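The next block is protein.cif, given as mmCIF, C-alpha atoms.
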data_query
loop_
_atom_site.label_atom_id
_atom_site.label_comp_id
_atom_site.auth_asym_id
_atom_site.auth_seq_id
_atom_site.Cartn_x
_atom_site.Cartn_y
_atom_site.Cartn_z
CA MET A 1128 7.05 6.77 16.92
CA PRO A 1129 5.47 10.10 15.86
CA GLU A 1130 2.75 9.92 13.23
CA SER A 1131 4.32 10.21 9.80
CA ARG A 1132 3.12 12.35 6.92
CA LEU A 1133 1.90 9.26 5.09
CA HIS A 1134 -0.03 8.07 8.13
CA ARG A 1135 -1.74 11.47 8.21
CA LEU A 1136 -2.46 11.19 4.47
CA SER A 1137 -3.99 7.75 5.07
CA ALA A 1138 -6.21 9.20 7.78
CA LEU A 1139 -7.80 11.39 5.10
CA GLY A 1140 -9.02 8.28 3.28
CA GLN A 1141 -6.29 7.73 0.69
CA SER A 1142 -4.47 4.40 0.73
CA VAL A 1143 -0.70 4.32 0.24
CA TRP A 1144 0.54 1.52 -1.99
CA ILE A 1145 4.03 1.03 -3.38
CA ASP A 1146 4.63 0.45 -7.07
CA SER A 1147 7.56 -1.97 -6.66
CA LEU A 1148 8.29 -5.47 -5.42
CA SER A 1149 11.46 -7.49 -5.10
CA ARG A 1150 12.73 -10.67 -3.48
CA GLU A 1151 15.26 -8.55 -1.59
CA TRP A 1152 12.54 -6.41 0.02
CA LEU A 1153 10.64 -9.52 1.05
CA GLU A 1154 13.58 -11.40 2.51
CA THR A 1155 15.29 -8.50 4.29
CA GLY A 1156 12.07 -7.23 5.86
CA GLU A 1157 12.22 -3.92 3.99
CA LEU A 1158 8.66 -4.28 2.69
CA ALA A 1159 7.40 -5.09 6.18
CA ARG A 1160 9.23 -2.01 7.48
CA MET A 1161 7.49 0.19 4.91
CA MET A 1162 4.16 -1.25 6.03
CA ARG A 1163 4.89 -0.14 9.60
CA GLU A 1164 6.69 3.15 9.04
CA ASP A 1165 5.31 4.41 5.72
CA ALA A 1166 1.65 3.31 5.99
CA VAL A 1167 2.03 1.08 2.90
CA VAL A 1168 -1.04 -1.16 2.56
CA GLY A 1169 -0.69 -2.55 -0.97
CA VAL A 1170 1.71 -3.37 -3.79
CA THR A 1171 1.58 -3.03 -7.56
CA SER A 1172 4.04 -4.62 -9.96
CA ASN A 1173 4.60 -4.73 -13.71
CA PRO A 1174 7.20 -6.08 -16.17
CA THR A 1175 9.37 -2.99 -15.72
CA ILE A 1176 9.42 -3.50 -11.95
CA PHE A 1177 10.35 -7.18 -12.19
CA GLN A 1178 12.95 -6.47 -14.86
CA LYS A 1179 14.70 -4.11 -12.44
CA ALA A 1180 14.38 -6.42 -9.45
CA MET A 1181 15.66 -9.52 -11.25
CA SER A 1182 18.60 -7.72 -12.82
CA GLU A 1183 20.05 -6.64 -9.47
CA GLY A 1184 22.10 -9.00 -7.32
CA ASP A 1185 21.66 -12.74 -6.87
CA TRP A 1186 18.37 -12.89 -4.97
CA TYR A 1187 16.70 -15.04 -7.63
CA ASP A 1188 19.62 -17.35 -8.43
CA GLU A 1189 18.70 -20.20 -6.09
CA GLN A 1190 15.13 -20.48 -7.31
CA LEU A 1191 16.26 -19.98 -10.90
CA ARG A 1192 18.51 -23.04 -10.63
CA GLU A 1193 15.59 -25.09 -9.30
CA VAL A 1194 13.12 -23.91 -11.94
CA MET A 1195 15.62 -24.48 -14.77
CA GLU A 1196 15.74 -28.18 -13.93
CA ALA A 1197 12.11 -28.59 -15.00
CA GLU A 1198 11.43 -25.64 -17.31
CA ASP A 1199 13.06 -24.27 -20.49
CA ASP A 1200 10.52 -21.67 -21.60
CA LEU A 1201 11.74 -18.23 -20.54
CA LYS A 1202 8.24 -16.83 -19.96
CA GLU A 1203 7.35 -19.76 -17.73
CA ILE A 1204 10.62 -19.36 -15.83
CA PHE A 1205 9.79 -15.70 -15.24
CA LEU A 1206 6.27 -16.51 -14.09
CA GLN A 1207 7.59 -19.01 -11.55
CA LEU A 1208 9.98 -16.40 -10.14
CA ALA A 1209 7.38 -13.62 -10.12
CA ALA A 1210 4.63 -15.82 -8.67
CA HIS A 1211 6.88 -16.66 -5.73
CA ASP A 1212 7.25 -12.96 -4.88
CA ILE A 1213 3.58 -12.15 -5.48
CA ALA A 1214 2.41 -15.02 -3.28
CA ALA A 1215 4.82 -14.06 -0.49
CA ALA A 1216 3.68 -10.43 -0.66
CA CYS A 1217 0.01 -11.50 -0.64
CA ASP A 1218 0.67 -13.50 2.52
CA LEU A 1219 2.49 -10.56 4.13
CA PHE A 1220 -0.42 -8.22 3.37
CA ARG A 1221 -3.16 -10.74 4.19
CA PRO A 1222 -3.72 -9.32 7.72
CA VAL A 1223 -4.22 -5.85 6.20
CA TRP A 1224 -6.80 -7.30 3.81
CA GLU A 1225 -8.60 -9.15 6.62
CA GLU A 1226 -8.59 -6.29 9.13
CA GLY A 1227 -9.85 -3.82 6.50
CA HIS A 1228 -12.53 -6.22 5.20
CA GLY A 1229 -11.00 -6.26 1.72
CA ARG A 1230 -10.38 -2.53 1.32
CA ASP A 1231 -6.57 -2.81 1.08
CA GLY A 1232 -3.84 -5.40 1.42
CA TYR A 1233 -3.77 -6.23 -2.30
CA VAL A 1234 -0.80 -7.25 -4.42
CA SER A 1235 -1.00 -6.90 -8.21
CA MET A 1236 0.44 -9.18 -10.89
CA GLU A 1237 0.18 -8.10 -14.51
CA VAL A 1238 -0.82 -10.19 -17.50
CA ASP A 1239 1.73 -10.51 -20.30
CA PRO A 1240 1.74 -7.08 -22.02
CA ASN A 1241 1.94 -8.83 -25.38
CA LEU A 1242 -1.70 -9.84 -24.78
CA ALA A 1243 -2.94 -6.23 -24.41
CA TYR A 1244 -4.96 -6.42 -27.63
CA ASP A 1245 -6.15 -10.03 -27.27
CA THR A 1246 -9.30 -10.33 -25.15
CA GLU A 1247 -9.52 -14.12 -24.93
CA ALA A 1248 -5.84 -14.65 -24.19
CA THR A 1249 -6.02 -12.00 -21.48
CA ILE A 1250 -8.98 -13.74 -19.85
CA GLU A 1251 -7.16 -17.07 -20.04
CA GLN A 1252 -3.99 -15.77 -18.39
CA ALA A 1253 -5.82 -13.72 -15.75
CA THR A 1254 -7.81 -16.82 -14.83
CA ARG A 1255 -4.61 -18.86 -14.67
CA PHE A 1256 -2.97 -16.39 -12.28
CA HIS A 1257 -5.94 -16.39 -9.91
CA ASP A 1258 -6.26 -20.18 -9.99
CA TRP A 1259 -2.52 -20.64 -9.55
CA LEU A 1260 -1.90 -18.28 -6.62
CA GLU A 1261 -5.28 -18.71 -4.90
CA ARG A 1262 -5.00 -15.59 -2.76
CA PRO A 1263 -8.13 -13.52 -1.99
CA ASN A 1264 -5.97 -10.38 -1.92
CA LEU A 1265 -4.46 -10.89 -5.38
CA PHE A 1266 -5.19 -8.34 -8.08
CA VAL A 1267 -4.49 -9.29 -11.69
CA LYS A 1268 -3.68 -6.26 -13.81
CA ILE A 1269 -5.40 -5.91 -17.19
CA PRO A 1270 -4.68 -2.89 -19.41
CA ALA A 1271 -7.52 -0.51 -20.27
CA THR A 1272 -7.19 -1.06 -24.00
CA ALA A 1273 -10.38 -1.48 -26.02
CA PRO A 1274 -9.84 -5.28 -26.16
CA GLY A 1275 -9.04 -5.23 -22.44
CA LEU A 1276 -12.46 -3.87 -21.46
CA PRO A 1277 -14.47 -7.06 -22.16
CA ALA A 1278 -11.76 -9.08 -20.40
CA ILE A 1279 -12.17 -6.85 -17.34
CA GLU A 1280 -15.94 -7.34 -17.39
CA GLU A 1281 -15.63 -11.09 -17.79
CA MET A 1282 -13.17 -11.49 -14.91
CA ILE A 1283 -15.31 -9.38 -12.58
CA ALA A 1284 -18.36 -11.43 -13.60
CA ARG A 1285 -16.37 -14.50 -12.53
CA GLY A 1286 -15.74 -12.88 -9.13
CA ARG A 1287 -12.04 -12.22 -9.72
CA ASN A 1288 -10.22 -9.13 -8.45
CA ILE A 1289 -8.87 -6.89 -11.21
CA ASN A 1290 -6.55 -3.88 -11.24
CA VAL A 1291 -7.24 -2.01 -14.48
CA THR A 1292 -3.96 -0.46 -15.62
CA LEU A 1293 -2.86 2.09 -18.24
CA THR A 1294 -5.94 4.32 -18.01
CA PHE A 1295 -5.20 7.79 -19.38
CA SER A 1296 -8.36 9.49 -20.68
CA LEU A 1297 -11.62 10.50 -19.06
CA GLN A 1298 -13.58 8.67 -21.74
CA ARG A 1299 -11.65 5.46 -21.21
CA TYR A 1300 -11.99 5.81 -17.46
CA ALA A 1301 -15.79 5.94 -17.84
CA GLU A 1302 -15.61 2.80 -20.03
CA VAL A 1303 -13.49 1.05 -17.41
CA ALA A 1304 -16.03 1.84 -14.70
CA GLU A 1305 -18.83 0.63 -16.96
CA SER A 1306 -16.99 -2.66 -17.56
CA TYR A 1307 -16.66 -3.13 -13.82
CA ILE A 1308 -20.31 -2.38 -13.14
CA ARG A 1309 -21.51 -4.69 -15.92
CA GLY A 1310 -19.28 -7.41 -14.51
CA VAL A 1311 -20.75 -6.94 -11.03
CA GLU A 1312 -24.28 -7.02 -12.46
CA ARG A 1313 -23.55 -10.31 -14.22
CA LEU A 1314 -22.02 -11.72 -11.05
CA VAL A 1315 -25.15 -10.83 -9.06
CA GLU A 1316 -27.45 -12.23 -11.75
CA ALA A 1317 -25.55 -15.52 -11.58
CA GLY A 1318 -26.06 -15.69 -7.83
CA GLY A 1319 -22.55 -14.61 -6.89
CA ASP A 1320 -21.51 -12.49 -3.92
CA PRO A 1321 -20.44 -9.03 -5.11
CA SER A 1322 -18.86 -8.21 -1.75
CA ALA A 1323 -16.17 -10.80 -2.50
CA VAL A 1324 -14.80 -9.06 -5.61
CA ALA A 1325 -12.74 -5.88 -5.73
CA SER A 1326 -11.22 -3.64 -8.38
CA VAL A 1327 -9.24 -0.44 -8.81
CA ALA A 1328 -8.90 1.74 -11.90
CA SER A 1329 -5.26 2.77 -12.26
CA PHE A 1330 -5.29 6.27 -13.72
CA PHE A 1331 -1.83 7.30 -14.91
CA VAL A 1332 -0.70 10.78 -13.97
CA SER A 1333 2.81 12.11 -14.62
CA ARG A 1334 3.13 10.64 -18.09
CA VAL A 1335 0.26 12.91 -19.17
CA ASP A 1336 2.36 15.97 -18.41
CA THR A 1337 5.45 14.48 -20.01
CA GLU A 1338 3.64 14.06 -23.35
CA THR A 1339 1.60 17.27 -23.16
CA ASP A 1340 4.52 19.47 -22.12
CA LYS A 1341 6.44 18.52 -25.27
CA ARG A 1342 3.48 19.60 -27.38
CA LEU A 1343 3.06 22.83 -25.44
CA ASP A 1344 6.68 23.73 -26.05
CA ASP A 1345 6.13 23.18 -29.77
CA ALA A 1346 2.96 25.29 -29.61
CA GLY A 1347 4.71 28.13 -27.81
CA ARG A 1348 2.46 27.86 -24.73
CA PRO A 1349 4.87 26.95 -21.91
CA GLU A 1350 2.65 28.66 -19.31
CA LEU A 1351 0.23 25.72 -19.58
CA LYS A 1352 2.87 23.07 -18.83
CA GLY A 1353 2.70 20.83 -15.80
CA LYS A 1354 -1.05 21.17 -15.32
CA LEU A 1355 -2.97 18.61 -17.37
CA ALA A 1356 -2.01 15.49 -15.43
CA ILE A 1357 -3.46 16.79 -12.17
CA ALA A 1358 -6.52 18.37 -13.83
CA ASN A 1359 -7.18 15.11 -15.68
CA ALA A 1360 -7.07 13.06 -12.48
CA LYS A 1361 -9.25 15.53 -10.59
CA LEU A 1362 -11.94 15.34 -13.25
CA ALA A 1363 -11.70 11.54 -13.32
CA TYR A 1364 -12.47 11.59 -9.60
CA GLN A 1365 -15.57 13.67 -10.28
CA GLU A 1366 -16.63 11.03 -12.83
CA TYR A 1367 -16.05 8.39 -10.18
CA LYS A 1368 -18.28 10.19 -7.68
CA GLN A 1369 -21.10 10.47 -10.21
CA ILE A 1370 -20.85 6.94 -11.60
CA PHE A 1371 -20.81 5.28 -8.19
CA ALA A 1372 -23.70 7.27 -6.76
CA ASP A 1373 -26.56 6.68 -9.22
CA ASP A 1374 -29.51 4.34 -8.75
CA ARG A 1375 -27.95 1.62 -10.87
CA TRP A 1376 -24.90 1.45 -8.60
CA GLU A 1377 -26.88 1.84 -5.38
CA ALA A 1378 -28.86 -1.27 -6.27
CA LEU A 1379 -25.60 -3.21 -6.47
CA ALA A 1380 -24.19 -1.59 -3.33
CA ALA A 1381 -27.29 -2.75 -1.46
CA LYS A 1382 -26.24 -6.31 -2.32
CA GLY A 1383 -22.71 -5.73 -0.97
CA ALA A 1384 -20.82 -4.46 -4.05
CA THR A 1385 -17.84 -2.18 -3.39
CA ARG A 1386 -16.84 0.81 -5.48
CA GLN A 1387 -13.97 0.55 -7.95
CA ARG A 1388 -11.61 3.10 -6.46
CA CYS A 1389 -9.39 5.39 -8.51
CA LEU A 1390 -5.71 4.54 -8.11
CA TRP A 1391 -3.22 7.26 -9.03
CA ALA A 1392 -0.32 5.60 -10.83
CA SER A 1393 2.85 7.02 -12.34
CA THR A 1394 3.12 9.55 -9.52
CA SER A 1395 6.85 10.17 -9.53
CA THR A 1396 7.80 13.57 -10.94
CA LYS A 1397 9.65 13.20 -14.23
CA ASN A 1398 10.45 16.90 -14.76
CA PRO A 1399 13.13 18.15 -12.31
CA GLU A 1400 11.65 21.65 -12.59
CA TYR A 1401 8.50 20.45 -10.79
CA ARG A 1402 8.08 19.74 -7.08
CA ASP A 1403 9.04 16.12 -6.51
CA VAL A 1404 5.84 15.28 -4.62
CA MET A 1405 3.35 17.31 -6.67
CA TYR A 1406 1.51 14.24 -7.97
CA VAL A 1407 0.86 13.16 -4.39
CA GLU A 1408 0.13 16.52 -2.78
CA GLU A 1409 -2.35 17.66 -5.42
CA LEU A 1410 -4.41 14.45 -5.50
CA ILE A 1411 -5.21 13.69 -1.87
CA GLY A 1412 -8.81 12.66 -1.32
CA PRO A 1413 -10.98 9.92 0.19
CA GLU A 1414 -11.72 6.56 -1.43
CA THR A 1415 -8.57 6.71 -3.56
CA VAL A 1416 -5.19 4.99 -3.75
CA ASN A 1417 -1.80 6.44 -4.61
CA THR A 1418 0.78 3.86 -5.62
CA MET A 1419 4.17 5.51 -5.27
CA PRO A 1420 7.75 4.61 -6.11
CA LYS A 1421 9.96 4.21 -3.06
CA GLU A 1422 11.78 7.47 -3.76
CA THR A 1423 8.46 9.34 -3.84
CA ILE A 1424 7.44 7.76 -0.53
CA GLU A 1425 10.73 8.90 0.98
CA ALA A 1426 10.36 12.41 -0.44
CA PHE A 1427 6.81 12.79 0.84
CA GLN A 1428 7.77 11.53 4.27
CA ASP A 1429 10.49 14.19 4.31
CA HIS A 1430 8.62 17.27 3.06
CA GLY A 1431 5.17 16.41 1.71
CA GLU A 1432 2.23 18.62 2.66
CA VAL A 1433 -0.91 16.80 3.81
CA ALA A 1434 -4.27 18.36 2.93
CA LEU A 1435 -7.46 17.44 1.10
CA THR A 1436 -6.68 18.74 -2.40
CA LEU A 1437 -8.42 16.40 -4.82
CA GLU A 1438 -11.54 18.52 -5.15
CA GLN A 1439 -9.89 21.92 -5.16
CA ASP A 1440 -9.75 24.16 -8.25
CA LEU A 1441 -12.17 22.07 -10.32
CA ASP A 1442 -13.33 25.04 -12.40
CA GLU A 1443 -9.71 25.80 -13.19
CA ALA A 1444 -9.20 22.17 -14.22
CA ARG A 1445 -12.13 22.34 -16.64
CA ARG A 1446 -10.91 25.65 -18.02
CA LEU A 1447 -7.51 24.11 -18.68
CA PHE A 1448 -9.05 21.68 -21.17
CA GLU A 1449 -10.45 24.66 -23.07
CA GLN A 1450 -7.09 26.43 -23.00
CA LEU A 1451 -5.30 23.36 -24.31
CA ALA A 1452 -7.77 23.03 -27.17
CA GLU A 1453 -7.24 26.71 -27.98
CA ALA A 1454 -3.49 26.05 -28.02
CA GLY A 1455 -3.99 23.26 -30.57
CA ILE A 1456 -3.35 20.38 -28.17
CA ASP A 1457 -5.43 17.35 -29.13
CA TYR A 1458 -6.31 15.71 -25.81
CA ASP A 1459 -7.58 12.52 -27.43
CA ASP A 1460 -4.38 12.16 -29.43
CA VAL A 1461 -2.31 12.72 -26.27
CA THR A 1462 -4.11 9.96 -24.37
CA ASP A 1463 -4.21 7.56 -27.35
CA THR A 1464 -0.45 8.05 -27.78
CA LEU A 1465 0.17 7.40 -24.10
CA GLU A 1466 -1.86 4.19 -24.16
CA ARG A 1467 0.02 2.84 -27.18
CA GLU A 1468 3.37 3.84 -25.74
CA GLY A 1469 2.44 2.50 -22.31
CA VAL A 1470 1.71 -0.95 -23.72
CA GLN A 1471 4.90 -0.85 -25.81
CA LYS A 1472 7.04 0.17 -22.83
CA PHE A 1473 5.78 -2.82 -20.87
CA ILE A 1474 6.41 -5.09 -23.86
CA ASP A 1475 9.94 -3.73 -24.18
CA SER A 1476 10.57 -4.27 -20.46
CA PHE A 1477 9.16 -7.79 -20.69
CA THR A 1478 11.47 -8.58 -23.61
CA GLU A 1479 14.44 -7.16 -21.71
CA LEU A 1480 13.43 -9.13 -18.64
CA LEU A 1481 13.38 -12.42 -20.58
CA GLU A 1482 16.75 -11.59 -22.13
CA GLY A 1483 18.10 -10.97 -18.64
CA ILE A 1484 16.81 -14.33 -17.43
CA GLU A 1485 18.48 -16.00 -20.41
CA THR A 1486 21.76 -14.27 -19.59
CA LYS A 1487 21.51 -15.22 -15.92
CA ARG A 1488 20.67 -18.79 -16.87
CA SER A 1489 23.75 -19.00 -19.09
CA GLN A 1490 25.91 -17.65 -16.28
CA LEU A 1491 24.57 -20.18 -13.79
CA VAL A 1492 25.07 -23.05 -16.25
CA SER A 1493 28.65 -21.94 -16.91
CA ALA A 1494 29.35 -21.63 -13.19
CA ALA A 1495 28.03 -25.12 -12.63
#
File written out as structure tokens:
Amino acid sequence: MPESRLHRLSALGQSVWIDSLSREWLETGELARMMREDAVVGVTSNPTIFQKAMSEGDWYDEQLREVMEAEDDLKEIFLQLAAHDIAAACDLFRPVWEEGHGRDGYVSMEVDPNLAYDTEATIEQATRFHDWLERPNLFVKIPATAPGLPAIEEMIARGRNINVTLTFSLQRYAEVAESYIRGVERLVEAGGDPSAVASVASFFVSRVDTETDKRLDDAGRPELKGKLAIANAKLAYQEYKQIFADDRWEALAAKGATRQRCLWASTSTKNPEYRDVMYVEELIGPETVNTMPKETIEAFQDHGEVALTLEQDLDEARRLFEQLAEAGIDYDDVTDTLEREGVQKFIDSFTELLEGIETKRSQLVSAA
């Protein structure tokens, strides 16, 4: 088989993950196929992803019947169904994790989005997921809200792998990295092995343009549309390079600690006027991850251009922030809005998911 575009992208140091998971993909071998043919080495999931997967077909019906015999709580029923998929995916990707010495091969399961502003409850559920699934290549996703930051630090200090999700701003990204580093420092101080814990910072991309473009239309500055998301991510990567190169970090690296890589999330193109693979093509660089929807993977395999782009046009990216300010666009308000809406979207999907399970349960009971 000729080397695919995504295999060539991977050779430049960027890991390809997929932002979906379903029982169907696991049982039909589709996920395994994407590992072979599309260079996929990791999986992320969230309530929206599971809501879609569980609403299609009858792949979950058999297990749902079994779980219903012992469990009435809809959230617990969902967790049983989701944990089955997450565990199976972790086992499928375990060889990737082992062969790469913990660089890739991770599968992410997200805490209940209703806990996004509750530090202690987030810690409790994240701990439960790790204890329950007991997979070294499990990531638990915690949102980068202000209350999420101490939960991230605490879990890292306990030696637990964390995927930090819903990161939008440069300031919050720096706080996320600081939470990770403090957690690693505490782990080392307690005699733990920092080489055994991993983390990624999921930096959301396309949604930044979606929100900013609306404001630019209102401001009469359409020539600036479609630029902030990529500039934002490029500057976050520069922060990453600085943060994980100073003396404080090097002291931890000497003890085996691994950098918290940037993960580009929300990389499908929402605006049909933009190139459908722009959020992949423009952010290719080493020590990063891009978690893509399946349709974006297929599009990139078909016509994506592979080149190191992540550190190109940095001066232009910085200038864009000045231009946006001159146009009256409040960057902090954009990213604060996106964080609030991001949490709410996951809550809405989680609610819809539970309603779907209730409907499916009623159907199965009636059929019986």
Just checking: using all atoms listed in the file, which residue out of A:Ile1456, A:Ile1250, A:Ala1209, A:Val1324 ends up closest to Pro1263 in chain A?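 Among the listed residues, the smallest separation from Pro1263 in chain A belongs to A:Val1324.
Nearest to Leu1208 in chain A of all the residues A:Ser1149, A:Ser1326, A:Thr1175, A:Thr1436 is A:Ser1149, based on only C-alpha atoms.
Distances from A:Val1170, A:Trp1224, A:Glu1281, A:Glu1443 to Glu1237 in chain A were compared using only C-alpha atoms, and the smallest one belongs to A:Val1170.
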As a check of understanding, name the residues that the PyMOL selection byres ((chain A and resi 1397) around 9) selects in the supplied structure, as a ChimeraX atom specification. /A:1333-1334,1336-1337,1394-1396,1398-1401,1403
Do you have the CA of Phe1295 in chain A-CA of Val1470 in chain A distance handy? 12.0 Å
Determine the residue membership of the PyMOL selection byres ((chain A and resi 1302) around 12) for the file above and supply it as number ranges by chain. A: 1271-1277, 1279-1280, 1291, 1294-1301, 1303-1309, 1328, 1363, 1366-1367, 1370
Store the residues of this selection in a file with C-alpha atoms, as a PDB file, keeping the file's coordinate frame.
ATOM      1  CA  ALA A1271      -7.520  -0.510 -20.270  1.00  0.00           C
ATOM      2  CA  THR A1272      -7.190  -1.060 -24.000  1.00  0.00           C
ATOM      3  CA  ALA A1273     -10.380  -1.480 -26.020  1.00  0.00           C
ATOM      4  CA  PRO A1274      -9.840  -5.280 -26.160  1.00  0.00           C
ATOM      5  CA  GLY A1275      -9.040  -5.230 -22.440  1.00  0.00           C
ATOM      6  CA  LEU A1276     -12.460  -3.870 -21.460  1.00  0.00           C
ATOM      7  CA  PRO A1277     -14.470  -7.060 -22.160  1.00  0.00           C
ATOM      8  CA  ILE A1279     -12.170  -6.850 -17.340  1.00  0.00           C
ATOM      9  CA  GLU A1280     -15.940  -7.340 -17.390  1.00  0.00           C
ATOM     10  CA  VAL A1291      -7.240  -2.010 -14.480  1.00  0.00           C
ATOM     11  CA  THR A1294      -5.940   4.320 -18.010  1.00  0.00           C
ATOM     12  CA  PHE A1295      -5.200   7.790 -19.380  1.00  0.00           C
ATOM     13  CA  SER A1296      -8.360   9.490 -20.680  1.00  0.00           C
ATOM     14  CA  LEU A1297     -11.620  10.500 -19.060  1.00  0.00           C
ATOM     15  CA  GLN A1298     -13.580   8.670 -21.740  1.00  0.00           C
ATOM     16  CA  ARG A1299     -11.650   5.460 -21.210  1.00  0.00           C
ATOM     17  CA  TYR A1300     -11.990   5.810 -17.460  1.00  0.00           C
ATOM     18  CA  ALA A1301     -15.790   5.940 -17.840  1.00  0.00           C
ATOM     19  CA  VAL A1303     -13.490   1.050 -17.410  1.00  0.00           C
ATOM     20  CA  ALA A1304     -16.030   1.840 -14.700  1.00  0.00           C
ATOM     21  CA  GLU A1305     -18.830   0.630 -16.960  1.00  0.00           C
ATOM     22  CA  SER A1306     -16.990  -2.660 -17.560  1.00  0.00           C
ATOM     23  CA  TYR A1307     -16.660  -3.130 -13.820  1.00  0.00           C
ATOM     24  CA  ILE A1308     -20.310  -2.380 -13.140  1.00  0.00           C
ATOM     25  CA  ARG A1309     -21.510  -4.690 -15.920  1.00  0.00           C
ATOM     26  CA  ALA A1328      -8.900   1.740 -11.900  1.00  0.00           C
ATOM     27  CA  ALA A1363     -11.700  11.540 -13.320  1.00  0.00           C
ATOM     28  CA  GLU A1366     -16.630  11.030 -12.830  1.00  0.00           C
ATOM     29  CA  TYR A1367     -16.050   8.390 -10.180  1.00  0.00           C
ATOM     30  CA  ILE A1370     -20.850   6.940 -11.600  1.00  0.00           C
TER      31      ILE A1370
END
Answer key for the PyMOL selection byres ((chain A and resi 1180-1193) around 10), residues as a PyMOL selection string: chain A and resi 1147-1152+1154+1174-1179+1194-1198+1204-1205+1207-1209+1211+1479-1480+1483-1484+1486-1488+1491-1492+1495
Would you compute the distance between CA of Tyr1244 in chain A and CA of Tyr1406 in chain A? Give it in Å to one decimal. 29.2 Å
Identify which of the residues A:Glu1449, A:Asp1146, A:Glu1350, A:Glu1130 lies closest to Ile1424 in chain A, counting all atoms listed in the file when measuring atom-to-atom distances. A:Asp1146
What does the distance from CA of Phe1427 in chain A to CA of Val1335 in chain A come to in Å, to one decimal?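 Distance between the two atoms: 21.1 Å.
Of the residues listed (A:Ala1426, A:Leu1410, A:Leu1362, A:Leu1355), A:Leu1355 shows the shortest atom-to-atom separation from Leu1451 in chain A; distances use all atoms listed in the file.
Each of A:Thr1339, A:Met1236, A:Asp1373, A:Gln1450 was checked against His1257 in chain A using all atoms listed in the file; the smallest atom-to-atom distance is that of A:Met1236.
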For a cut-off of 12 Å around (7.0, -2.2, -25.7), file coordinates, pick out all residues using only C-alpha atoms and list them as number ranges by chain. A: 1174-1175, 1239-1243, 1465-1480
Taking the point (7.1, 11.3, 3.5) as given in the file, collect each protein or nucleic acid residue that comes within 12 Å of it, counting all atoms listed in the file, and present the set as a PyMOL selection string. chain A and resi 1130-1137+1143+1161+1164-1167+1403-1404+1407-1408+1419-1433
Which polymer residues have any atom within 7 Å of an atom of Val1168 in chain A, counting all atoms listed in the file, with same-chain residues fewer than 4 positions away left out, as a PyMOL selection string? chain A and resi 1142-1144+1162+1223+1231-1232
